[in-house]
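A.B. asks: As input, take entry-v4.tsv (TSV, C-alpha atoms):
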chain	number	residue	atom	x	y	z
L	83	MET	CA	-17.54	48.01	-76.01
L	84	PRO	CA	-14.17	48.45	-74.22
L	85	SER	CA	-11.10	48.95	-76.39
L	86	LYS	CA	-8.16	46.55	-76.47
L	87	ALA	CA	-6.19	49.05	-74.41
L	88	ASP	CA	-8.93	49.12	-71.77
L	89	VAL	CA	-9.02	45.31	-71.58
L	90	LYS	CA	-5.22	45.16	-71.34
L	91	ALA	CA	-5.22	47.75	-68.55
L	92	TRP	CA	-7.96	45.88	-66.70
L	93	LYS	CA	-5.99	42.60	-66.87
L	94	ALA	CA	-2.86	44.36	-65.63
L	95	GLN	CA	-4.86	45.83	-62.75
L	96	LEU	CA	-6.06	42.36	-61.72
L	97	VAL	CA	-2.51	41.01	-61.59
L	98	ALA	CA	-1.21	44.12	-59.82
L	99	GLN	CA	-3.96	43.82	-57.20
L	100	ALA	CA	-2.96	40.21	-56.55
L	101	GLU	CA	0.70	41.15	-56.22
L	102	GLN	CA	-0.12	43.93	-53.77
L	103	GLN	CA	-1.97	41.43	-51.59
L	104	ILE	CA	0.96	39.00	-51.72
L	105	LEU	CA	3.40	41.73	-50.69
L	106	LYS	CA	1.32	42.32	-47.56
L	107	LEU	CA	2.03	38.79	-46.32
L	108	THR	CA	4.45	39.91	-43.61
L	109	ASP	CA	2.56	38.87	-40.49
L	110	SER	CA	1.32	35.44	-39.48
L	111	ASP	CA	-2.40	36.26	-39.62
L	112	ARG	CA	-2.27	37.30	-43.26
L	113	PHE	CA	0.02	34.38	-44.03
L	114	LYS	CA	-2.43	31.97	-42.40
L	115	GLN	CA	-5.27	33.43	-44.46
L	116	TYR	CA	-3.26	32.95	-47.65
L	117	LEU	CA	-2.44	29.34	-46.72
L	118	ASN	CA	-6.13	28.69	-46.13
L	119	THR	CA	-6.75	29.81	-49.71
L	120	LEU	CA	-3.92	27.57	-50.92
L	121	ALA	CA	-5.36	24.55	-49.09
L	122	LYS	CA	-8.77	25.09	-50.69
L	123	PHE	CA	-7.51	25.72	-54.22
L	124	HIS	CA	-4.34	23.63	-54.43
L	125	HIS	CA	-5.28	22.36	-57.92
L	126	TYR	CA	-5.11	25.89	-59.33
L	127	SER	CA	-1.98	27.56	-60.65
L	128	ALA	CA	-0.04	29.95	-58.42
L	129	ARG	CA	-1.32	32.82	-60.58
L	130	ASN	CA	-4.95	31.87	-59.97
L	131	ILE	CA	-4.47	31.23	-56.26
L	132	ASP	CA	-3.04	34.73	-56.00
L	133	LEU	CA	-5.97	36.14	-57.98
L	134	ILE	CA	-8.59	34.33	-55.90
L	135	TYR	CA	-6.92	35.38	-52.65
L	136	ALA	CA	-6.67	39.01	-53.76
L	137	GLN	CA	-10.32	39.23	-54.76
L	138	ASN	CA	-11.93	37.07	-52.07
L	139	PRO	CA	-9.69	35.58	-49.34
L	140	GLN	CA	-12.71	33.78	-47.85
L	141	ALA	CA	-13.53	31.86	-51.05
L	142	THR	CA	-13.74	28.10	-50.59
L	143	GLN	CA	-15.01	26.68	-53.90
L	144	VAL	CA	-15.36	28.45	-57.22
L	145	ALA	CA	-17.07	27.52	-60.47
L	146	GLY	CA	-18.53	29.25	-63.51
L	147	PHE	CA	-22.13	30.46	-63.70
L	148	LYS	CA	-23.37	27.53	-65.81
L	149	GLN	CA	-21.28	24.96	-63.95
L	150	TRP	CA	-22.99	25.88	-60.68
L	151	GLN	CA	-26.35	25.28	-62.35
L	152	MET	CA	-25.56	22.11	-64.28
L	153	ALA	CA	-23.15	20.29	-61.97
L	154	PHE	CA	-24.33	21.42	-58.52
L	155	ASN	CA	-27.96	22.48	-59.01
L	156	ARG	CA	-27.18	25.87	-57.51
L	157	THR	CA	-27.89	29.40	-58.75
L	158	VAL	CA	-25.60	32.42	-58.57
L	159	LYS	CA	-27.22	35.13	-56.46
L	160	ARG	CA	-28.37	38.27	-58.23
L	161	GLY	CA	-25.77	41.03	-58.11
L	162	ALA	CA	-22.89	38.72	-57.13
L	163	LYS	CA	-19.50	40.09	-58.17
L	164	ALA	CA	-17.45	37.61	-60.17
L	165	ILE	CA	-13.94	36.50	-59.25
L	166	ARG	CA	-11.65	36.56	-62.28
L	167	ILE	CA	-9.19	33.72	-62.91
L	168	ALA	CA	-6.72	33.32	-65.75
L	169	ALA	CA	-7.31	30.71	-68.47
L	170	PRO	CA	-4.58	30.08	-71.06
L	171	ILE	CA	-5.26	30.81	-74.73
L	172	ILE	CA	-3.74	27.97	-76.74
L	173	LYS	CA	-3.34	28.09	-80.50
L	174	LYS	CA	-1.77	26.00	-83.23
L	175	LEU	CA	1.58	27.43	-84.24
L	176	THR	CA	2.55	28.28	-87.79
L	177	PRO	CA	6.03	27.24	-89.05
L	178	ALA	CA	7.16	30.85	-88.68
L	179	GLU	CA	5.93	31.02	-85.08
L	180	LYS	CA	7.66	27.73	-84.22
L	181	LYS	CA	10.90	29.14	-85.57
L	182	ARG	CA	10.49	32.40	-83.70
L	183	LEU	CA	9.69	30.60	-80.45
L	184	ASP	CA	12.39	27.99	-81.09
L	185	THR	CA	10.01	25.08	-80.43
L	186	THR	CA	8.78	21.93	-82.17
L	187	ASP	CA	5.49	21.91	-80.27
L	188	GLU	CA	2.39	22.05	-82.44
L	189	ARG	CA	0.48	24.24	-79.98
L	190	ALA	CA	1.48	26.84	-77.41
L	191	ILE	CA	0.06	29.31	-74.92
L	192	VAL	CA	-0.12	32.70	-76.61
L	193	GLY	CA	-1.86	34.63	-73.87
L	194	TYR	CA	-4.46	34.54	-71.11
L	195	ARG	CA	-8.10	35.49	-70.81
L	196	TYR	CA	-9.75	36.21	-67.49
L	197	LEU	CA	-12.88	34.13	-66.90
L	198	PRO	CA	-15.58	34.94	-64.35
L	199	VAL	CA	-16.21	32.42	-61.57
L	200	PHE	CA	-18.25	32.62	-58.37
L	201	ASP	CA	-17.63	31.30	-54.88
L	202	VAL	CA	-20.14	28.88	-53.34
L	203	SER	CA	-21.06	31.61	-50.82
L	204	GLN	CA	-22.37	33.64	-53.77
L	205	THR	CA	-24.79	30.86	-54.76
L	206	SER	CA	-27.88	29.21	-53.35
L	207	GLY	CA	-29.40	25.79	-53.88
L	208	GLU	CA	-28.56	22.24	-52.94
L	209	PRO	CA	-25.73	21.66	-50.44
L	210	VAL	CA	-22.32	20.89	-51.90
L	211	LEU	CA	-20.57	17.87	-50.43
L	212	SER	CA	-17.20	16.44	-51.32
L	213	ALA	CA	-14.95	13.67	-50.13
L	214	LYS	CA	-13.30	16.18	-47.81
L	215	ASP	CA	-16.47	16.37	-45.71
L	216	PHE	CA	-16.22	12.67	-44.98
L	217	VAL	CA	-12.46	12.76	-44.49
L	218	LYS	CA	-12.84	15.52	-41.90
L	219	GLU	CA	-15.58	13.59	-40.13
L	220	ASN	CA	-13.60	10.35	-40.10
L	221	LEU	CA	-10.34	11.97	-39.01
L	222	ALA	CA	-12.07	13.33	-35.91
L	223	ASP	CA	-11.24	9.82	-34.66
L	224	HIS	CA	-7.58	9.94	-33.61
L	225	GLN	CA	-7.19	6.28	-34.55
L	226	ASN	CA	-7.76	7.29	-38.16
L	227	VAL	CA	-5.17	10.07	-37.86
L	228	THR	CA	-2.72	7.42	-36.65
L	229	SER	CA	-3.63	5.24	-39.61
L	230	LEU	CA	-2.91	8.08	-42.03
L	231	TYR	CA	0.39	8.82	-40.27
L	232	ASN	CA	1.46	5.18	-40.52
L	233	ALA	CA	0.38	4.94	-44.17
L	234	PHE	CA	2.33	8.11	-45.08
L	235	LYS	CA	5.39	6.88	-43.17
L	236	ASP	CA	5.22	3.48	-44.89
L	237	TYR	CA	4.84	5.13	-48.28
L	238	LEU	CA	7.95	7.27	-47.75
L	239	ASN	CA	9.97	4.27	-46.53
L	240	GLN	CA	8.86	1.93	-49.30
L	241	GLN	CA	8.28	4.16	-52.33
L	242	THR	CA	10.90	6.92	-51.97
L	243	ASP	CA	14.60	7.23	-51.13
L	244	LEU	CA	13.69	8.79	-47.76
L	245	LYS	CA	13.97	6.89	-44.51
L	246	VAL	CA	11.54	7.66	-41.68
L	247	ILE	CA	12.54	6.44	-38.23
L	248	GLU	CA	11.05	6.97	-34.77
L	249	VAL	CA	12.98	7.72	-31.60
L	250	PRO	CA	11.91	8.63	-28.04
L	251	LEU	CA	10.95	12.29	-27.63
L	252	GLU	CA	13.40	12.66	-24.74
L	253	THR	CA	16.29	12.23	-27.19
L	254	LEU	CA	15.18	15.15	-29.39
L	255	ASN	CA	16.01	17.99	-26.97
L	256	GLY	CA	12.49	19.44	-27.03
L	257	ALA	CA	11.89	19.02	-30.77
L	258	LYS	CA	9.13	16.87	-32.24
L	259	GLY	CA	11.28	15.67	-35.14
L	260	TYR	CA	13.89	16.72	-37.67
L	261	PHE	CA	15.20	16.08	-41.18
L	262	GLN	CA	18.83	15.04	-41.65
L	263	PRO	CA	19.97	16.01	-45.17
L	264	SER	CA	23.27	14.08	-45.03
L	265	THR	CA	21.48	10.74	-44.56
L	266	ASN	CA	18.15	11.72	-46.14
L	267	GLU	CA	16.40	10.66	-42.95
L	268	ILE	CA	13.30	11.99	-41.24
L	269	VAL	CA	13.35	11.42	-37.48
L	270	ILE	CA	10.04	11.60	-35.56
L	271	GLY	CA	9.32	11.46	-31.84
L	272	GLY	CA	7.54	8.11	-31.82
L	273	ASP	CA	5.97	8.47	-28.39
L	274	GLU	CA	4.29	11.84	-29.12
L	275	PRO	CA	0.81	11.44	-27.52
L	276	ASP	CA	-0.94	13.95	-29.82
L	277	ASN	CA	-1.59	11.98	-33.03
L	278	ALA	CA	-2.49	15.09	-35.03
L	279	LEU	CA	0.75	16.81	-33.99
L	280	LYS	CA	2.70	13.68	-34.91
L	281	LEU	CA	1.20	13.67	-38.42
L	282	LYS	CA	1.80	17.40	-38.78
L	283	THR	CA	5.44	16.91	-37.77
L	284	LEU	CA	5.86	14.27	-40.47
L	285	TYR	CA	4.39	16.67	-43.05
L	286	HIS	CA	6.74	19.42	-41.77
L	287	GLU	CA	9.88	17.29	-42.04
L	288	TYR	CA	8.82	15.89	-45.40
L	289	ALA	CA	8.55	19.49	-46.65
L	290	HIS	CA	12.12	20.09	-45.47
L	291	SER	CA	13.28	16.99	-47.37
L	292	GLN	CA	11.69	18.26	-50.58
L	293	LEU	CA	12.65	21.92	-50.28
L	294	HIS	CA	15.91	21.89	-48.36
L	295	GLY	CA	17.64	18.57	-49.05
L	296	LEU	CA	21.23	18.38	-50.31
L	297	LYS	CA	20.10	18.29	-53.94
L	298	SER	CA	17.45	20.98	-53.55
L	299	ALA	CA	17.82	24.30	-55.32
L	300	PHE	CA	16.55	25.97	-52.13
L	301	LYS	CA	18.85	24.27	-49.60
L	302	ASP	CA	20.70	27.50	-48.81
L	303	ARG	CA	17.63	29.47	-47.72
L	304	PRO	CA	18.00	31.14	-44.28
L	305	ARG	CA	16.80	28.93	-41.41
L	306	ALA	CA	13.85	31.15	-40.54
L	307	TYR	CA	12.80	31.07	-44.18
L	308	GLN	CA	13.09	27.26	-44.27
L	309	GLU	CA	11.11	26.77	-41.07
L	310	THR	CA	8.32	29.05	-42.27
L	311	GLN	CA	8.10	27.19	-45.56
L	312	ALA	CA	8.01	23.75	-43.90
L	313	GLU	CA	5.42	24.89	-41.37
L	314	ALA	CA	3.34	26.38	-44.16
L	315	VAL	CA	3.30	23.09	-46.08
L	316	ALA	CA	2.33	21.19	-42.91
L	317	TYR	CA	-0.45	23.68	-42.19
L	318	VAL	CA	-1.85	23.39	-45.73
L	319	ALA	CA	-1.70	19.57	-45.59
L	320	MET	CA	-3.56	19.45	-42.27
L	321	GLN	CA	-6.14	21.99	-43.47
L	322	ASN	CA	-6.71	19.80	-46.52
L	323	ILE	CA	-7.79	16.84	-44.40
L	324	GLY	CA	-9.83	19.06	-42.09
L	325	VAL	CA	-7.74	18.70	-38.93
L	326	ASP	CA	-7.47	21.92	-36.94
L	327	THR	CA	-3.90	23.02	-36.24
L	328	SER	CA	-4.69	26.60	-35.23
L	329	ASN	CA	-3.02	26.03	-31.85
L	330	TYR	CA	0.32	25.43	-33.52
L	331	SER	CA	2.54	28.32	-34.52
L	332	LEU	CA	2.83	29.13	-38.19
L	333	GLY	CA	6.02	31.05	-37.72
L	334	TYR	CA	6.53	34.47	-39.28
L	335	VAL	CA	7.37	35.74	-42.70
L	336	ALA	CA	8.59	39.10	-41.46
L	337	THR	CA	12.14	37.85	-42.01
L	338	TRP	CA	11.49	37.65	-45.72
L	339	ALA	CA	12.65	40.64	-47.71
L	340	LYS	CA	9.77	42.80	-48.88
L	341	ASP	CA	10.69	41.95	-52.41
L	342	LYS	CA	8.04	40.82	-54.86
L	343	ALA	CA	10.25	38.24	-56.58
L	344	VAL	CA	11.42	36.72	-53.29
L	345	ILE	CA	7.92	36.37	-51.86
L	346	HIS	CA	6.45	34.97	-55.07
L	347	SER	CA	9.31	32.48	-55.25
L	348	ALA	CA	8.78	31.38	-51.66
L	349	LEU	CA	5.04	30.94	-52.12
L	350	SER	CA	5.54	29.09	-55.38
L	351	GLU	CA	7.87	26.64	-53.62
L	352	ILE	CA	5.33	26.15	-50.82
L	353	GLN	CA	2.61	25.51	-53.36
L	354	GLN	CA	4.62	22.91	-55.27
L	355	VAL	CA	5.34	20.80	-52.19
L	356	SER	CA	1.85	21.37	-50.73
L	357	ASN	CA	0.28	20.05	-53.93
L	358	LYS	CA	2.49	16.98	-53.76
L	359	VAL	CA	1.63	16.31	-50.11
L	360	ILE	CA	-2.09	16.84	-50.72
L	361	GLU	CA	-2.14	14.42	-53.66
L	362	LEU	CA	-0.29	11.80	-51.58
L	363	SER	CA	-2.61	12.29	-48.60
L	364	ASP	CA	-5.73	12.14	-50.76
L	365	GLY	CA	-4.55	8.86	-52.28
L	366	LEU	CA	-3.75	7.38	-48.86
L	367	THR	CA	-7.03	8.46	-47.23
L	368	LYS	CA	-8.85	6.85	-50.15
L	369	GLN	CA	-6.90	3.60	-49.71
L	370	LEU	CA	-7.66	3.64	-45.98
L	371	GLY	CA	-11.38	4.05	-46.69
L	372	LEU	CA	-11.51	7.46	-45.04
L	373	GLN	CA	-13.18	9.04	-48.07
L	374	GLU	CA	-16.20	6.76	-47.90
L	375	ALA	CA	-19.41	8.27	-46.55
L	376	GLN	CA	-20.39	6.68	-43.26
L	377	LYS	CA	-24.12	7.08	-43.92
L	378	GLU	CA	-26.73	4.81	-45.39
L	379	PRO	CA	-28.03	5.84	-48.84
L	380	GLU	CA	-31.43	6.89	-47.53
L	381	HIS	CA	-29.95	9.46	-45.10
L	382	ASP	CA	-29.80	13.12	-46.07
L	383	LEU	CA	-30.91	12.57	-49.66
L	384	LYS	CA	-31.49	16.30	-50.00
L	385	LYS	CA	-27.81	16.94	-49.31
L	386	LEU	CA	-26.45	14.51	-51.88
L	387	SER	CA	-25.33	15.75	-55.29
L	388	ALA	CA	-26.92	14.38	-58.46
L	389	GLN	CA	-23.86	12.24	-59.11
L	390	GLU	CA	-23.92	10.84	-55.56
L	391	LEU	CA	-27.64	10.09	-55.84
L	392	ASN	CA	-27.07	8.13	-59.02
L	393	LYS	CA	-24.23	6.22	-57.36
L	394	SER	CA	-26.52	5.42	-54.41
L	395	TYR	CA	-29.19	4.21	-56.81
L	396	GLN	CA	-26.79	1.94	-58.69
L	397	SER	CA	-25.36	0.58	-55.42
L	398	LEU	CA	-28.84	-0.19	-54.08
L	399	GLN	CA	-29.78	-1.93	-57.33
L	400	GLN	CA	-26.82	-4.28	-56.89
L	401	GLN	CA	-27.67	-4.88	-53.23
L	402	VAL	CA	-31.27	-5.75	-54.14
L	403	GLN	CA	-30.07	-8.28	-56.73
L	404	GLN	CA	-27.62	-9.85	-54.29
L	405	ALA	CA	-29.95	-9.94	-51.26
L	406	THR	CA	-31.22	-13.41	-50.28
L	407	ASN	CA	-33.16	-12.51	-47.14
L	408	PRO	CA	-36.76	-11.51	-48.13
L	409	GLN	CA	-37.05	-8.89	-45.36
L	410	GLN	CA	-33.70	-7.34	-46.21
L	411	LYS	CA	-34.61	-7.33	-49.89
L	412	SER	CA	-37.89	-5.52	-49.14
L	413	GLU	CA	-36.07	-2.87	-47.06
L	414	LEU	CA	-33.52	-2.32	-49.82
L	415	LYS	CA	-36.30	-1.93	-52.39
L	416	ASN	CA	-37.92	0.77	-50.22
L	417	LYS	CA	-34.59	2.60	-50.04
L	418	LEU	CA	-34.19	2.25	-53.78
L	419	ASN	CA	-37.64	3.73	-54.33
L	420	ASP	CA	-36.83	6.71	-52.05
L	421	VAL	CA	-33.70	7.50	-54.06
L	422	HIS	CA	-35.55	7.07	-57.36
L	423	GLN	CA	-38.29	9.45	-56.24
L	424	LYS	CA	-35.71	12.05	-55.20
L	425	ILE	CA	-33.91	11.79	-58.56
L	426	SER	CA	-37.20	12.07	-60.44
L	427	LYS	CA	-38.30	15.14	-58.48
L	428	ARG	CA	-34.97	16.84	-59.11
L	429	THR	CA	-35.14	16.11	-62.81
L	430	GLN	CA	-38.70	17.42	-63.14
L	431	LYS	CA	-37.71	20.54	-61.21
L	432	GLN	CA	-34.74	21.12	-63.52
L	433	LEU	CA	-36.91	20.56	-66.62
L	434	GLN	CA	-39.52	23.00	-65.35
L	435	ALA	CA	-36.86	25.63	-64.62
L	436	PHE	CA	-35.34	25.12	-68.06
L	437	ALA	CA	-38.75	25.47	-69.71
L	438	GLU	CA	-39.46	28.70	-67.82
L	439	GLN	CA	-36.10	30.15	-68.84
L	440	ASN	CA	-36.53	29.10	-72.47
L	441	PRO	CA	-40.21	29.70	-73.37
L	442	GLU	CA	-39.39	29.66	-77.10
L	443	ILE	CA	-38.62	25.93	-76.94
L	444	LYS	CA	-41.73	23.82	-77.49
L	445	GLN	CA	-42.21	21.18	-74.80
L	446	PRO	CA	-43.13	17.62	-75.81
L	447	GLU	CA	-46.49	16.38	-74.68
L	448	SER	CA	-45.20	13.10	-73.29
L	449	GLU	CA	-43.78	13.02	-69.77
L	450	LEU	CA	-39.99	13.08	-69.63
L	451	ASP	CA	-38.00	11.13	-67.11
L	452	GLN	CA	-34.32	11.14	-67.96
L	453	SER	CA	-33.16	11.08	-64.35
L	454	LEU	CA	-31.06	7.94	-64.69
L	455	LYS	CA	-29.55	8.85	-68.04
L	456	ARG	CA	-27.67	11.92	-66.88
Mind turning this structure into C-alpha cells?

C.D. replies:
Amino acid sequence: MPSKADVKAWKAQLVAQAEQQILKLTDSDRFKQYLNTLAKFHHYSARNIDLIYAQNPQATQVAGFKQWQMAFNRTVKRGAKAIRIAAPIIKKLTPAEKKRLDTTDERAIVGYRYLPVFDVSQTSGEPVLSAKDFVKENLADHQNVTSLYNAFKDYLNQQTDLKVIEVPLETLNGAKGYFQPSTNEIVIGGDEPDNALKLKTLYHEYAHSQLHGLKSAFKDRPRAYQETQAEAVAYVAMQNIGVDTSNYSLGYVATWAKDKAVIHSALSEIQQVSNKVIELSDGLTKQLGLQEAQKEPEHDLKKLSAQELNKSYQSLQQQVQQATNPQQKSELKNKLNDVHQKISKRTQKQLQAFAEQNPEIKQPESELDQSLKR
C-alpha cells in the first residue's frame, strides 16, 4: 500500500508531465496535435485536457472501465495502461471551514483524485458512433457547410451585439475577412468560392471578437499571439464538425515566451472560446438536421449503440401504428422484428457474460428478456 507521500508525489508527477508537454508547444506540428486533443475533449477542464494530451496525444474518446462495458458494450484490452484524469473531491464545509475560506457555500472542492480512464483504442467490442459521425458525413456536402455558415452568421446578427457583413473579396486586400473592434463588426469576403474556408474565416473572426475586442482582457496581446489564438479556435471548431482544414496554416506559437504561465494562459483562453463555438455549432447543426443519421433503421444494426437501437425500435413502433398502406405496414413490421432480434441477442449475450463473470450469483430458471427495459 503506497504512503500518502507516495500518492502525493505521483499526483505531482502527473501534473508536471502535463506541463512539460505544454511547454513543448513551440512549433506548429505539436500545436496542431494539441488542438486535435482539445477538439475531441472540449467538455473536459483545461487540467484534464492537458493530462490526456500528455499521456496519450492520440486519444479520441475516454471512459472508465465499467462505463465502456455498460454504456458501450466494449471491453478494455488486457494490459492497457490507464490515462489518469483529475476529479474534484467535494465535501460539506463546517462553520469553521466556511470562516477560514471566507465563503457561504455549503460545499467546496477540497482536493482532487486521479481516476483511471481508457481510450477507445484500448478497448474492443461494438463500434462507437456519435452525432459527429453523421455531422461529418453530412458536411461533406458543401451546401450543408453553407447552411451552417448562414445559420452561424444569422445567430451572431440576431442574438448577439456583433454585426456580420459581407463585402467583395477584392475590397479586402488579399484577406478573407477581419474583425473591427471599434464597431464590433465582423467583415467576411462574401464571394469566397470555398465554403469551408468561408466558415472557417467566420470562426476565426468570431474568436477575435471574443478574445481581442475593446472590452476583452486580452485585447493588448501581440498581433502574432492574437492571430495564433484565433486560428487555433477556428481549427478546433472545424475539427469538431469533421471538416478537414489541414491545408490552412495554423500559424506558429514560437513567438510566445517559453513561460509556463503565459502558455497555460493562452491555451486556457483558446479553450474557453473553442468551447463556446463548439456548443453554438452543435446547436446549429442539430437545428439544421445535420445530426440526424441518413440511414434507415435496418442498416448497420451491428454498429448502432444500445441506446440508438432502442430509439430505432420506438420509432419503428410509431411508424407501424401510423402506417395505412398494408404493404408498407408489413415492411415496417419486418424492420421492427430485425431490431427486436438484435436487441434480444445483445441482452442475452450481456446476461451470459455477466453470469460467467459472477458464478456465485444463482441464475433464475425462467428466460430473461429485459432488452426493452434498459

A.B. asks: Let me make sure I understand: among L:Lys86, L:Lys174, L:His290, L:Lys280, which one has the smallest atom-to-atom distance to Glu267 (chain L) if we use all atoms listed in the file?

C.D. replies: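 Among L:Lys86, L:Lys174, L:His290, L:Lys280, it is L:His290 that comes nearest to Glu267 (chain L).
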
A.B. asks: So which one's closest to Tyr317 (chain L), L:His286, L:Lys342, L:Lys417, L:Arg160? Using all atoms listed in the file, please.

C.D. replies: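 That would be L:His286, the residue with the smallest distance to Tyr317 (chain L).
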
A.B. asks: Show which residues sit within 9 Å of Phe154 (chain L), as a PyMOL selection string. Count only C-alpha atoms, and ignore same-chain residues fewer than 3 positions away.

C.D. replies: chain L and resi 149-151+157+207-210+387-388

A.B. asks: Can you tell me how far CA of Val318 (chain L) sits from CA of Lys282 (chain L), in Å to one decimal?

C.D. replies: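 Rounded to one decimal, the two atoms are 9.9 Å apart.
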
A.B. asks: Could you state the separation of CA of Asn232 (chain L) and CA of Ile352 (chain L) in Å, given to one decimal place?

C.D. replies: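 Between these atoms lies a distance of 23.7 Å.
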
A.B. asks: Taking 2 positions as the minimum chain separation for residues in the same chain, which residues sit within 9 Å of region 308-316 of chain L when counting only C-alpha atoms? Answer as an MDAnalysis selection string.

C.D. replies: chainID L and resid 113:114 117 281:290 293:294 300:306 318:321 331:335 348:349 351:353 355:357 359

A.B. asks: Write the residues of the preceding selection, restricted to C-alpha atoms, as a PDB file, keeping the file's coordinate frame.

C.D. replies:
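Resulting contents of selection03.pdb:
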ATOM      1  CA  PHE L 113       0.020  34.380 -44.030  1.00  0.00           C
ATOM      2  CA  LYS L 114      -2.430  31.970 -42.400  1.00  0.00           C
ATOM      3  CA  LEU L 117      -2.440  29.340 -46.720  1.00  0.00           C
ATOM      4  CA  LEU L 281       1.200  13.670 -38.420  1.00  0.00           C
ATOM      5  CA  LYS L 282       1.800  17.400 -38.780  1.00  0.00           C
ATOM      6  CA  THR L 283       5.440  16.910 -37.770  1.00  0.00           C
ATOM      7  CA  LEU L 284       5.860  14.270 -40.470  1.00  0.00           C
ATOM      8  CA  TYR L 285       4.390  16.670 -43.050  1.00  0.00           C
ATOM      9  CA  HIS L 286       6.740  19.420 -41.770  1.00  0.00           C
ATOM     10  CA  GLU L 287       9.880  17.290 -42.040  1.00  0.00           C
ATOM     11  CA  TYR L 288       8.820  15.890 -45.400  1.00  0.00           C
ATOM     12  CA  ALA L 289       8.550  19.490 -46.650  1.00  0.00           C
ATOM     13  CA  HIS L 290      12.120  20.090 -45.470  1.00  0.00           C
ATOM     14  CA  LEU L 293      12.650  21.920 -50.280  1.00  0.00           C
ATOM     15  CA  HIS L 294      15.910  21.890 -48.360  1.00  0.00           C
ATOM     16  CA  PHE L 300      16.550  25.970 -52.130  1.00  0.00           C
ATOM     17  CA  LYS L 301      18.850  24.270 -49.600  1.00  0.00           C
ATOM     18  CA  ASP L 302      20.700  27.500 -48.810  1.00  0.00           C
ATOM     19  CA  ARG L 303      17.630  29.470 -47.720  1.00  0.00           C
ATOM     20  CA  PRO L 304      18.000  31.140 -44.280  1.00  0.00           C
ATOM     21  CA  ARG L 305      16.800  28.930 -41.410  1.00  0.00           C
ATOM     22  CA  ALA L 306      13.850  31.150 -40.540  1.00  0.00           C
ATOM     23  CA  VAL L 318      -1.850  23.390 -45.730  1.00  0.00           C
ATOM     24  CA  ALA L 319      -1.700  19.570 -45.590  1.00  0.00           C
ATOM     25  CA  MET L 320      -3.560  19.450 -42.270  1.00  0.00           C
ATOM     26  CA  GLN L 321      -6.140  21.990 -43.470  1.00  0.00           C
ATOM     27  CA  SER L 331       2.540  28.320 -34.520  1.00  0.00           C
ATOM     28  CA  LEU L 332       2.830  29.130 -38.190  1.00  0.00           C
ATOM     29  CA  GLY L 333       6.020  31.050 -37.720  1.00  0.00           C
ATOM     30  CA  TYR L 334       6.530  34.470 -39.280  1.00  0.00           C
ATOM     31  CA  VAL L 335       7.370  35.740 -42.700  1.00  0.00           C
ATOM     32  CA  ALA L 348       8.780  31.380 -51.660  1.00  0.00           C
ATOM     33  CA  LEU L 349       5.040  30.940 -52.120  1.00  0.00           C
ATOM     34  CA  GLU L 351       7.870  26.640 -53.620  1.00  0.00           C
ATOM     35  CA  ILE L 352       5.330  26.150 -50.820  1.00  0.00           C
ATOM     36  CA  GLN L 353       2.610  25.510 -53.360  1.00  0.00           C
ATOM     37  CA  VAL L 355       5.340  20.800 -52.190  1.00  0.00           C
ATOM     38  CA  SER L 356       1.850  21.370 -50.730  1.00  0.00           C
ATOM     39  CA  ASN L 357       0.280  20.050 -53.930  1.00  0.00           C
ATOM     40  CA  VAL L 359       1.630  16.310 -50.110  1.00  0.00           C
TER      41      VAL L 359
END

A.B. asks: Would you mind listing what lies within 12 Å of Thr228 (chain L) as number ranges by chain, with only C-alpha atoms counted and same-chain residues fewer than 5 positions away left out?

C.D. replies: L: 220-223, 233-235, 272, 274-282, 284, 367, 370

A.B. asks: At a cut-off of 6 Å, using only C-alpha atoms, what residues contact region 129-140 of chain L? Leave out same-chain residues fewer than 5 positions from it and give the result as a PyMOL selection string.

C.D. replies: chain L and resi 100+103+167
